[in-house]
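Have a look at target.cif; it's mmCIF, C-alpha atoms:
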```cif
data_my_file
loop_
_atom_site.label_atom_id
_atom_site.label_comp_id
_atom_site.auth_asym_id
_atom_site.auth_seq_id
_atom_site.Cartn_x
_atom_site.Cartn_y
_atom_site.Cartn_z
CA GLY A 1 -18.03 -94.76 59.99
CA GLY A 2 -19.40 -95.90 56.67
CA SER A 3 -18.40 -97.43 53.36
CA LEU A 4 -19.18 -97.55 49.67
CA GLU A 5 -21.12 -100.78 50.17
CA THR A 6 -23.47 -99.30 52.78
CA ALA A 7 -24.12 -96.40 50.40
CA HIS A 8 -25.08 -98.90 47.65
CA TRP A 9 -27.61 -100.48 50.02
CA ALA A 10 -29.44 -97.13 50.07
CA ASP A 11 -29.79 -96.91 46.24
CA GLU A 12 -33.49 -97.75 46.21
CA LEU A 13 -34.25 -95.58 49.25
CA THR A 14 -32.62 -92.28 48.27
CA PRO A 15 -32.16 -90.10 45.16
CA ARG A 16 -28.85 -90.55 43.34
CA ASP A 17 -27.64 -87.07 44.29
CA THR A 18 -28.08 -87.67 48.04
CA ASP A 19 -24.89 -86.79 49.90
CA PRO A 20 -22.60 -89.76 50.74
CA PHE A 21 -22.94 -89.29 54.49
CA SER A 22 -26.74 -89.63 54.48
CA ARG A 23 -26.68 -92.49 51.95
CA SER A 24 -24.19 -94.44 54.01
CA SER A 25 -26.15 -93.83 57.22
CA ILE A 26 -29.41 -95.06 55.70
CA GLY A 27 -27.70 -98.07 54.10
CA TRP A 28 -26.16 -99.00 57.45
CA LEU A 29 -29.52 -98.85 59.22
CA ILE A 30 -31.70 -100.33 56.44
CA ASN A 31 -30.11 -103.06 54.33
CA PRO A 32 -30.75 -106.66 53.17
CA GLU A 33 -27.65 -108.10 54.90
CA PHE A 34 -28.28 -107.48 58.61
CA ASP A 35 -30.67 -105.57 60.85
CA ILE A 36 -29.15 -103.63 63.74
CA THR A 37 -32.36 -101.64 64.24
CA LYS A 38 -34.61 -104.50 65.36
CA ASN A 39 -36.27 -103.51 68.66
CA THR A 40 -34.00 -100.45 68.63
CA LEU A 41 -34.73 -96.80 69.36
CA ILE A 42 -32.73 -94.59 66.98
CA VAL A 43 -31.89 -91.19 68.53
CA THR A 44 -30.83 -88.39 66.19
CA ALA A 45 -30.63 -84.61 66.11
CA VAL A 46 -32.72 -82.63 63.65
CA SER A 47 -29.84 -80.51 62.36
CA SER A 48 -30.39 -80.23 58.59
CA ASP A 49 -32.84 -80.93 55.76
CA SER A 50 -30.97 -84.12 54.82
CA ARG A 51 -31.31 -85.34 58.40
CA ARG A 52 -35.08 -84.65 58.31
CA LYS A 53 -35.38 -86.75 55.15
CA LEU A 54 -33.34 -89.51 56.77
CA ILE A 55 -35.70 -89.49 59.76
CA SER A 56 -38.71 -89.69 57.45
CA ILE A 57 -37.25 -92.66 55.54
CA LEU A 58 -36.46 -94.50 58.77
CA ARG A 59 -39.96 -93.95 60.17
CA ASN A 60 -41.63 -94.98 56.91
CA SER A 61 -39.64 -98.22 57.01
CA GLY A 62 -41.08 -99.02 60.44
CA ARG A 63 -38.07 -97.98 62.53
CA LYS A 64 -38.61 -96.27 65.85
CA VAL A 65 -36.93 -92.84 65.87
CA ALA A 66 -36.62 -90.27 68.65
CA THR A 67 -35.56 -86.78 67.56
CA ILE A 68 -34.07 -83.86 69.40
CA ASP A 69 -34.11 -80.35 67.94
CA VAL A 70 -31.00 -78.29 68.72
CA PRO A 71 -31.81 -74.55 69.03
CA PRO A 72 -29.87 -72.42 66.52
CA ALA A 73 -29.31 -69.59 69.03
CA ASP A 74 -26.64 -69.60 71.71
CA ASN A 75 -27.22 -69.42 75.46
CA SER A 76 -30.42 -67.35 75.65
CA GLU A 77 -33.06 -68.19 78.24
CA ASN A 78 -35.57 -69.24 75.58
CA SER A 79 -33.04 -71.57 73.99
CA ILE A 80 -32.17 -73.15 77.35
CA ARG A 81 -35.85 -73.68 78.18
CA PHE A 82 -36.59 -75.14 74.75
CA TYR A 83 -33.57 -77.48 74.84
CA THR A 84 -34.40 -78.58 78.40
CA ASP A 85 -37.90 -79.55 77.29
CA GLN A 86 -36.36 -81.51 74.41
CA LEU A 87 -34.07 -83.39 76.82
CA VAL A 88 -36.94 -84.17 79.22
CA THR A 89 -39.05 -85.56 76.37
CA LEU A 90 -36.10 -87.60 75.06
CA ALA A 91 -35.34 -89.02 78.52
CA GLU A 92 -38.97 -90.07 78.96
CA THR A 93 -39.01 -91.67 75.48
CA ILE A 94 -35.84 -93.65 76.25
CA GLY A 95 -37.33 -94.65 79.61
CA ARG A 96 -40.46 -96.04 77.96
CA HIS A 97 -38.38 -97.91 75.36
CA THR A 98 -36.00 -99.49 77.87
CA GLY A 99 -38.57 -100.06 80.58
CA LYS A 100 -36.43 -98.12 83.06
CA ARG A 101 -38.18 -95.32 84.88
CA PHE A 102 -36.58 -91.92 84.41
CA ASN A 103 -35.83 -90.24 87.74
CA VAL A 104 -33.21 -88.01 89.34
CA ARG A 105 -31.39 -90.93 91.01
CA HIS A 106 -30.80 -92.67 87.68
CA LEU A 107 -29.81 -89.39 86.03
CA ARG A 108 -27.27 -88.55 88.75
CA ALA A 109 -25.77 -92.05 88.50
CA SER A 110 -25.47 -91.69 84.72
CA VAL A 111 -23.86 -88.25 85.01
CA ARG A 112 -21.28 -89.58 87.49
CA LYS A 113 -20.53 -92.63 85.30
CA VAL A 114 -20.10 -90.57 82.13
CA ALA A 115 -17.95 -88.00 83.96
CA SER A 116 -15.73 -90.80 85.27
CA ALA A 117 -15.37 -92.22 81.75
CA HIS A 118 -14.46 -88.78 80.38
CA ARG A 119 -11.80 -88.28 83.05
CA GLN A 120 -10.24 -91.68 82.40
CA ARG A 121 -10.35 -91.07 78.66
CA GLN A 122 -8.35 -87.87 79.17
CA ASN A 123 -5.97 -89.70 81.47
CA PHE A 124 -5.40 -92.25 78.71
CA LEU A 125 -4.78 -89.51 76.11
CA ASP A 126 -2.26 -87.79 78.41
CA THR A 127 -0.46 -91.10 79.05
CA ALA A 128 -0.49 -92.03 75.35
CA ALA A 129 1.06 -88.65 74.48
CA LEU A 130 4.01 -89.48 76.76
CA ALA A 131 4.20 -93.06 75.41
CA GLY A 132 3.94 -92.05 71.75
CA GLY A 133 6.64 -94.45 70.67
CA PHE A 134 4.81 -97.47 72.06
CA ILE A 135 1.33 -96.90 70.63
CA THR A 136 0.28 -95.66 67.18
CA ASP A 137 -1.81 -92.53 66.65
CA GLU A 138 -4.60 -94.58 65.04
CA ALA A 139 -4.68 -96.93 68.05
CA VAL A 140 -4.96 -93.94 70.40
CA ILE A 141 -7.98 -92.63 68.48
CA LEU A 142 -9.57 -96.10 68.40
CA ALA A 143 -9.08 -96.73 72.13
CA SER A 144 -10.41 -93.29 73.12
CA GLN A 145 -13.48 -93.63 70.86
CA SER A 146 -14.24 -97.19 72.01
CA MET A 147 -16.08 -95.53 74.89
CA TYR A 148 -18.95 -94.78 72.49
CA PHE A 149 -19.22 -98.40 71.34
CA ALA A 150 -19.06 -100.08 74.76
CA ASP A 151 -22.14 -101.91 76.03
CA SER A 152 -21.03 -101.17 79.60
CA LEU A 153 -19.12 -98.06 80.68
CA ASP A 154 -18.06 -99.87 83.86
CA GLU A 155 -16.40 -102.59 81.80
CA TRP A 156 -14.86 -100.02 79.47
CA LEU A 157 -13.35 -98.20 82.47
CA LEU A 158 -11.69 -101.42 83.62
CA HIS A 159 -10.13 -102.00 80.20
CA ILE A 160 -8.95 -98.42 79.62
CA THR A 161 -7.49 -98.29 83.15
CA ALA A 162 -5.61 -101.53 82.47
CA LEU A 163 -4.29 -100.04 79.20
CA VAL A 164 -3.08 -96.90 80.99
CA ASN A 165 -1.30 -99.04 83.60
CA GLU A 166 0.32 -101.12 80.88
CA LEU A 167 1.60 -98.03 79.04
CA GLU A 168 3.00 -96.61 82.28
CA ASN A 169 4.70 -99.92 83.04
CA ILE A 170 6.28 -100.02 79.56
CA MET A 171 7.57 -96.46 79.93
CA ASN A 172 9.12 -97.35 83.30
CA HIS A 173 11.03 -100.30 81.84
CA TYR A 174 11.93 -99.16 78.32
CA ALA A 175 13.31 -95.97 76.85
CA TYR A 176 12.04 -94.84 73.47
CA ARG A 177 12.61 -91.53 71.76
CA ARG A 178 9.81 -90.65 69.38
CA LYS A 179 10.91 -89.35 66.00
CA ASP A 180 10.75 -85.60 65.69
CA ARG A 181 7.96 -85.15 63.16
CA PRO A 182 5.46 -82.36 62.41
CA ARG A 183 2.47 -82.54 64.76
CA ILE A 184 -1.04 -82.16 63.32
CA LEU A 185 -4.32 -81.05 64.87
CA ILE A 186 -7.36 -82.60 63.09
CA LEU A 187 -10.56 -80.51 62.87
CA GLY A 188 -13.88 -80.71 61.03
CA SER A 189 -16.03 -83.79 60.45
CA PRO A 190 -15.68 -86.33 63.28
CA VAL A 191 -13.15 -89.08 62.57
CA VAL A 192 -15.12 -92.17 63.57
CA PHE A 193 -14.20 -95.86 63.35
CA PRO A 194 -13.85 -97.51 60.86
CA ASN A 195 -13.30 -94.42 58.69
CA TYR A 196 -9.68 -93.70 59.67
CA LYS A 197 -8.75 -92.54 56.20
CA VAL A 198 -7.46 -89.14 57.30
CA PRO A 199 -5.34 -90.38 60.26
CA GLN A 200 -3.80 -92.98 57.96
CA LEU A 201 -2.93 -90.29 55.40
CA ILE A 202 -1.34 -88.11 58.07
CA THR A 203 0.81 -90.83 59.65
CA SER A 204 1.83 -92.35 56.29
CA ALA A 205 3.02 -88.87 55.22
CA GLY A 206 5.48 -88.82 58.13
CA MET A 207 3.49 -86.69 60.60
CA ASN A 208 2.13 -87.29 64.09
CA ILE A 209 -1.41 -86.54 65.30
CA ALA A 210 -1.32 -84.16 68.25
CA ALA A 211 -5.09 -84.34 68.86
CA VAL A 212 -8.48 -84.61 67.21
CA ALA A 213 -10.68 -81.57 67.90
CA ASP A 214 -14.22 -82.46 66.82
CA SER A 215 -17.65 -82.47 68.47
CA LEU A 216 -17.00 -85.90 70.06
CA SER A 217 -13.74 -84.89 71.73
CA LEU A 218 -15.20 -81.54 72.76
CA GLU A 219 -18.12 -83.20 74.54
CA ALA A 220 -15.78 -85.66 76.24
CA SER A 221 -13.82 -82.72 77.66
CA ILE A 222 -16.85 -81.29 79.49
CA GLU A 223 -17.84 -82.04 83.08
CA LEU A 224 -20.89 -80.87 85.01
CA GLY A 225 -18.93 -80.56 88.26
CA ARG A 226 -19.70 -81.79 91.76
CA ALA A 227 -21.79 -78.74 92.65
CA ASN A 228 -24.50 -79.84 90.21
CA ARG A 229 -25.23 -83.20 91.83
CA PHE A 230 -28.20 -81.93 93.79
CA GLY A 231 -31.67 -80.80 92.79
CA SER A 232 -34.41 -82.26 90.65
CA ALA A 233 -34.00 -84.16 87.41
CA ASP A 234 -35.38 -81.18 85.47
CA ASN A 235 -32.84 -78.85 87.10
CA LEU A 236 -30.00 -81.21 86.23
CA LEU A 237 -31.22 -81.51 82.64
CA ARG A 238 -31.45 -77.73 82.51
CA LYS A 239 -27.81 -77.50 83.60
CA ILE A 240 -26.84 -80.04 80.92
CA ALA A 241 -28.78 -78.02 78.32
CA GLN A 242 -27.08 -74.80 79.42
CA ILE A 243 -23.58 -76.31 79.21
CA HIS A 244 -24.27 -77.93 75.84
CA LEU A 245 -25.68 -74.76 74.30
CA SER A 246 -22.70 -72.70 75.44
CA THR A 247 -20.09 -75.28 74.44
CA ILE A 248 -21.11 -78.08 72.06
CA SER A 249 -20.63 -77.74 68.31
CA SER A 250 -23.63 -78.43 66.08
CA GLY A 251 -24.48 -77.92 62.44
CA ALA A 252 -27.74 -76.34 63.59
CA ARG A 253 -25.93 -73.57 65.48
CA ILE A 254 -25.24 -70.13 64.07
CA TYR A 255 -22.06 -69.58 66.10
CA ASN A 256 -20.08 -72.43 67.66
CA THR A 257 -18.08 -70.34 70.12
CA GLY A 258 -17.49 -73.40 72.31
CA MET A 259 -15.71 -75.27 69.53
CA TYR A 260 -13.65 -72.21 68.64
CA SER A 261 -12.52 -71.78 72.27
CA TYR A 262 -11.73 -75.50 72.51
CA VAL A 263 -9.57 -75.39 69.38
CA MET A 264 -7.76 -72.25 70.56
CA ASN A 265 -6.99 -73.89 73.92
CA LEU A 266 -5.62 -76.99 72.17
CA ILE A 267 -3.44 -74.83 69.91
CA LYS A 268 -2.09 -72.98 72.95
CA GLN A 269 -1.51 -76.21 74.87
CA LEU A 270 -0.16 -78.49 72.11
CA LYS A 271 1.46 -75.96 69.75
CA PRO A 272 0.82 -78.03 66.58
CA ASP A 273 2.86 -77.44 63.44
CA GLY A 274 -0.18 -77.65 61.19
CA ILE A 275 -3.95 -78.10 61.07
CA VAL A 276 -5.86 -80.53 58.86
CA CYS A 277 -9.54 -79.66 58.42
CA HIS A 278 -11.36 -82.86 57.42
CA ILE A 279 -14.69 -82.31 55.60
CA LEU A 280 -16.83 -85.31 54.67
CA LYS A 281 -18.81 -84.68 51.48
CA GLY A 282 -22.30 -83.70 52.55
CA GLN A 283 -21.23 -82.20 55.89
CA ILE A 284 -20.79 -78.66 54.62
CA GLU A 285 -21.80 -77.23 58.01
CA TYR A 286 -18.22 -77.81 59.17
CA ASP A 287 -17.00 -75.50 56.41
CA PHE A 288 -18.76 -72.59 58.10
CA GLU A 289 -16.37 -72.90 61.06
CA LEU A 290 -13.23 -73.00 58.90
CA PRO A 291 -12.80 -69.25 58.13
CA HIS A 292 -12.71 -68.38 61.86
CA ILE A 293 -10.10 -71.09 62.51
CA GLU A 294 -8.03 -70.03 59.48
CA LYS A 295 -7.88 -66.41 60.64
CA ALA A 296 -6.80 -67.42 64.15
CA ALA A 297 -4.25 -69.92 62.81
CA GLU A 298 -2.82 -67.32 60.43
CA LYS A 299 -2.11 -64.99 63.36
CA LYS A 300 -0.22 -67.84 65.06
CA ASP A 301 1.59 -68.75 61.80
CA ILE A 302 0.07 -72.27 61.65
CA PRO A 303 -0.70 -73.59 58.13
CA VAL A 304 -4.20 -75.02 57.55
CA PHE A 305 -4.89 -77.80 55.04
CA ARG A 306 -8.53 -78.40 54.02
CA LEU A 307 -9.24 -81.96 52.89
CA GLU A 308 -12.65 -82.90 51.49
CA THR A 309 -13.29 -86.58 50.89
CA ASP A 310 -15.78 -89.39 51.40
CA TYR A 311 -15.74 -93.01 52.59
CA GLN A 312 -14.26 -94.37 49.36
CA TYR A 313 -10.56 -95.10 48.94
CA GLN A 314 -10.33 -94.37 45.19
CA ASP A 315 -8.89 -90.89 45.87
CA MET A 316 -6.35 -92.18 48.40
CA GLU A 317 -3.27 -91.75 46.21
CA GLN A 318 -4.26 -88.27 45.08
CA LEU A 319 -4.83 -87.21 48.68
CA ARG A 320 -1.59 -88.89 49.78
CA ILE A 321 0.41 -86.74 47.32
CA ARG A 322 -1.20 -83.57 48.66
CA MET A 323 -0.72 -84.66 52.28
CA GLU A 324 2.95 -85.54 51.70
CA ALA A 325 3.50 -82.10 50.14
CA PHE A 326 1.89 -80.52 53.21
CA GLY A 327 4.10 -82.63 55.49
CA GLU A 328 7.27 -81.69 53.59
CA MET A 329 6.36 -78.01 53.85
CA LEU A 330 5.89 -78.33 57.63
CA THR A 331 9.20 -80.20 57.95
CA GLN A 332 11.02 -77.43 56.08
CA ARG A 333 9.42 -74.82 58.32
CA ARG A 334 10.64 -76.69 61.40
CA LEU A 335 14.18 -76.92 59.99
CA VAL A 336 14.26 -73.21 59.16
CA ALA A 337 12.93 -72.30 62.62
CA ARG A 338 15.49 -74.55 64.31
CA ARG A 339 18.34 -73.08 62.22
CA TYR A 340 17.18 -69.55 63.06
CA ARG A 341 17.11 -70.33 66.80
CA HIS A 342 20.59 -71.86 66.57
CA THR A 343 21.97 -68.84 64.71
CA ALA A 344 20.34 -66.42 67.16
#
```

Since I need it in another form, could you write the structure as C-alpha cells?
Amino acid sequence: GGSLETAHWADELTPRDTDPFSRSSIGWLINPEFDITKNTLIVTAVSSDSRRKLISILRNSGRKVATIDVPPADNSENSIRFYTDQLVTLAETIGRHTGKRFNVRHLRASVRKVASAHRQRQNFLDTAALAGGFITDEAVILASQSMYFADSLDEWLLHITALVNELENIMNHYAYRRKDRPRILILGSPVVFPNYKVPQLITSAGMNIAAVADSLSLEASIELGRANRFGSADNLLRKIAQIHLSTISSGARIYNTGMYSYVMNLIKQLKPDGIVCHILKGQIEYDFELPHIEKAAEKKDIPVFRLETDYQYQDMEQLRIRMEAFGEMLTQRRLVARRYRHTA
C-alpha cells in the first residue's frame, strides 16, 4: 500500500526526485509516528538500483535487512544453483532471527501449509465469481490478499473457509442476477491494500473486475505438487528455485515468460472485455511487459488501457473521466457484438 503521508515521512531520508514507491516504502518503515521494524527482520529482493538505495538507508538506520538477489536469466542451471544458494542463506538467516532451526521437516510443513492456503484462496475466488452479486469486487481482492497479512495461516484458513461456506449458503437461498457489465483484467503493478485506487475507478465506471493478474496472484496459483515432498531441504529449495525462475515475474528478469503464460491462460479462461495495465510511478519495470501483452491482446481484439498513477488521490477525477470513457467504449463494443450475433 502506501500514502502521501508516508512519503512525507521520508523527506529527510531521500532526495526529492526519489520515486513515490520507494519514498512511501521508506516512510512506512522509518517514521516518527510508529515503529513496525523494532526487532524485525526486513526481507527484500535486490531488483533495482532504487531498491539497493532503500536497503542501504534501512541498514544505516539500524534496521536488520536480509536480501535475496533474483537472477536475471531464466531457467539455466547456473541461475537455479545461484538462486538455490540465495534461498538457503535466507532460510538460515530467518532461522537465526526467529530462533527456529531450519530443517527439512519445518520446510515440508511450511510448503504444505502454503499450498493449502493457495488452494483455498482459489476456491474462494471461484465461489466469489459465482456469487458476484453478493460480494463486491474490492471485497474479493481484500479477502484474497488477507492471506499475506495473517499472523497465522491456520487461522486464516478457518476464516476463508467460513466465508466460502457463507457465500455458498447465500447462493442456495437467494437468487441474484449480476448486471451485465464489461469485465476487466487488471495487470501491472500489484494492487495491494490499502491502495485500491484502480479497483475503485473500474467499479465506479460501471465495470466488473474479472481477475487481477500480478506477481502476487501468479505466485498464489503455483503448487509444488505431492511428488516433491521427499528429499533434503536443499533439494526442496532447489525445486522451489526452479519453479520460481520459470514462472514468477520479477523486475530483475529479462523475460517474464511465466507471467505472459499466466495472463494468456486467464484471457482464454475468463474472456475479459478489456485489460487495464496499472503502473505505479517508479515501477517502470512493469512497462517492459506491456508491449508483449498488447500484441497478444490485439490479436484477440481486446482493448488495453494503460493507467499510470501514484498513491495520491488528487488525479482521481481526471482518471475517472478516462476510465468512464474506456468503459463506455467497451459497453458499445458489447452491444455491437450482441446485435451482430442476433442478426446472424

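Comparing A:Pro71, A:Pro15, A:Gly282, A:Pro32 by their smallest distance to Ile57 of chain A, the closest is A:Pro15 (using all atoms listed in the file).
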
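Counting all atoms listed in the file and comparing A:His173, A:Arg322, A:His118, A:His244, the residue that lies closest to Ala205 of chain A is A:Arg322.
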
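Distances here use all atoms listed in the file; by that measure, the residue among A:Leu153, A:Ile222, A:Ala211, A:Ile184 closest to Ala128 of chain A is A:Ala211.
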
Å distance separating atom CA of Thr98 of chain A from atom CA of Leu41 of chain A, one decimal place: 9.0 Å

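The nearest approach to Phe288 of chain A among the residues A:Asp234, A:Gly188, A:Arg183, A:Leu307, with only C-alpha atoms taken into account, belongs to A:Gly188.
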
Chain and number of each residue from the PyMOL selection byres ((chain A and resi 132) around 10), as a ChimeraX atom specification: /A:127-131,133-137,140,167,171,176-179,208

Output check: residues returned by the PyMOL selection byres ((chain A and resi 105) around 12), as number ranges by chain: A: 100-104, 106-112, 229-234, 236

d(atom CA of Val276 of chain A, atom CA of Gln332 of chain A) in Å: 17.4 Å

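Residue neighbourhood of Tyr262 of chain A, excluding near-sequence residues (fewer than 6 positions): Ala213, Leu218 and Thr247 of chain A, at 9 Å, using only C-alpha atoms.
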
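Among the candidates A:Val192, A:Leu163, A:Ala7, A:Ile321, the one nearest to Glu138 of chain A when counting all atoms listed in the file is A:Val192.
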
Straight-line distance linking atom CA of Phe305 of chain A with atom CA of Ser221 of chain A, stated in Å to one decimal: 24.8 Å

Box centre and edge lengths (Å, one decimal), axis-aligned, segment 141-146 of chain A plus 3 Å each side, as JSON:
```
{"center_x": -11.1, "center_y": -94.9, "center_z": 70.8, "size_x": 12.3, "size_y": 10.6, "size_z": 10.7}
```

Long-range neighbours of segment 35-38 of chain A as number ranges by chain, 9 Å cut-off, all atoms listed in the file, 6 positions minimum in chain: A: 28-29, 63-64

Within-12 Å shell of (-37.5, -90.7, 54.0) in input frame, all atoms listed in the file, as a ChimeraX atom specification: /A:10,12-15,18,22-23,26,30,49-63

Output check: residues returned by the PyMOL selection byres ((chain A and resi 287) around 10), as a PyMOL selection string: chain A and resi 188-189+251+277-280+283-286+288-292+306+308

Produce a file of the selected residues containing C-alpha atoms, as a PDB file, in the frame of the given file.
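Wrote out.pdb, looks like this:
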```
ATOM      1  CA  GLY A 188     -13.880 -80.710  61.030  1.00  0.00           C
ATOM      2  CA  SER A 189     -16.030 -83.790  60.450  1.00  0.00           C
ATOM      3  CA  GLY A 251     -24.480 -77.920  62.440  1.00  0.00           C
ATOM      4  CA  CYS A 277      -9.540 -79.660  58.420  1.00  0.00           C
ATOM      5  CA  HIS A 278     -11.360 -82.860  57.420  1.00  0.00           C
ATOM      6  CA  ILE A 279     -14.690 -82.310  55.600  1.00  0.00           C
ATOM      7  CA  LEU A 280     -16.830 -85.310  54.670  1.00  0.00           C
ATOM      8  CA  GLN A 283     -21.230 -82.200  55.890  1.00  0.00           C
ATOM      9  CA  ILE A 284     -20.790 -78.660  54.620  1.00  0.00           C
ATOM     10  CA  GLU A 285     -21.800 -77.230  58.010  1.00  0.00           C
ATOM     11  CA  TYR A 286     -18.220 -77.810  59.170  1.00  0.00           C
ATOM     12  CA  PHE A 288     -18.760 -72.590  58.100  1.00  0.00           C
ATOM     13  CA  GLU A 289     -16.370 -72.900  61.060  1.00  0.00           C
ATOM     14  CA  LEU A 290     -13.230 -73.000  58.900  1.00  0.00           C
ATOM     15  CA  PRO A 291     -12.800 -69.250  58.130  1.00  0.00           C
ATOM     16  CA  HIS A 292     -12.710 -68.380  61.860  1.00  0.00           C
ATOM     17  CA  ARG A 306      -8.530 -78.400  54.020  1.00  0.00           C
ATOM     18  CA  GLU A 308     -12.650 -82.900  51.490  1.00  0.00           C
TER      19      GLU A 308
END
```

Of the listed residues A:Ala297, A:Ile240, A:Ala115, A:Ile160, that which approaches Val88 of chain A most closely, counting only C-alpha atoms: A:Ile240
